Amino acid sequence: MKTSIKEISNNLFDIKKASLLIIILPYIGFNFQELILSPYYSFVNLFFLLATLLLIEFFYKLITIKFKKFSTFITIIVTSFLMVFFYGYYFVNPIYNFFNINWAIEIR
């Protein structure tokens, strides 16, 4: 099953399809102050970070092209993992507060 470069590039720039950058870039934007104040911050490191994100996005789109039969399943799994990985505290904190306030159950 061969995929052409044109199909990959069309899929890469198609904003109607799932994109990892839509999840990752806001996280970097919200934490930009910490990124700037970090002793490891430099424009070269920022360039490498963005290049790595684009490379990950490219391979993600390539996987969804290669496995069209499972593309929806792969998209749901990867997107769910990234949302919990980057924004996990914001999803879990309301549930934790609900149990802790209503039933005084300490969840660790």
# chains A, B, ... in the order shown; residues from 1 in each chain; ligands from 1
>>> residues_around(residues="Leu53 of chain A", least_positions_apart="4", cutoff="12 Å", atoms="only C-alpha atoms", output="MDAnalysis selection string")
chainID A and resid 19:25 28 46:49 57:60
>>> closest_residue(among="A:Phe70, A:Phe91, A:Phe98, A:Phe86", to="Pro26 of chain A", atoms="only C-alpha atoms")
A:Phe86
>>> closest_residue(among="A:Thr72, A:Asn102, A:Lys16, A:Val78", to="Ile56 of chain A", atoms="only C-alpha atoms")
A:Val78
>>> atom_distance(atom1="atom CA of Asn10 of chain A", atom2="atom CA of Thr64 of chain A")
12.8 Å
>>> atom_distance(atom1="atom CA of Ser71 of chain A", atom2="atom CA of Gly29 of chain A")
28.1 Å
>>> closest_residue(among="A:Lys17, A:Phe99, A:Ser38, A:Leu54", to="Ile76 of chain A", atoms="only C-alpha atoms")
A:Lys17
>>> closest_residue(among="A:Leu82, A:Ile74, A:Tyr87, A:Lys68", to="Phe30 of chain A", atoms="only C-alpha atoms")
A:Tyr87
>>> select_by_dssp(residues="chain A", states="alpha helix (DSSP H)", output="JSON, numbers by chain")
{"A": [5, 6, 7, 8, 9, 10, 11, 12, 21, 22, 23, 24, 25, 26, 27, 28, 29, 30, 32, 33, 34, 35, 36, 37, 43, 44, 45, 46, 47, 48, 49, 50, 51, 52, 53, 54, 55, 56, 57, 58, 59, 60, 61, 62, 63, 64, 65, 66, 71, 72, 73, 74, 75, 76, 77, 78, 79, 80, 81, 82, 83, 84, 85, 86, 87, 88, 89, 90, 91, 92, 93, 94, 95, 96, 97, 98, 99, 100, 101, 102]}
>>> closest_residue(among="A:Tyr27, A:Ser42, A:Leu62, A:Lys6", to="Met83 of chain A", atoms="only C-alpha atoms")
A:Tyr27
>>> atom_distance(atom1="atom CA of Leu35 of chain A", atom2="atom CA of Gly88 of chain A")
19.5 Å
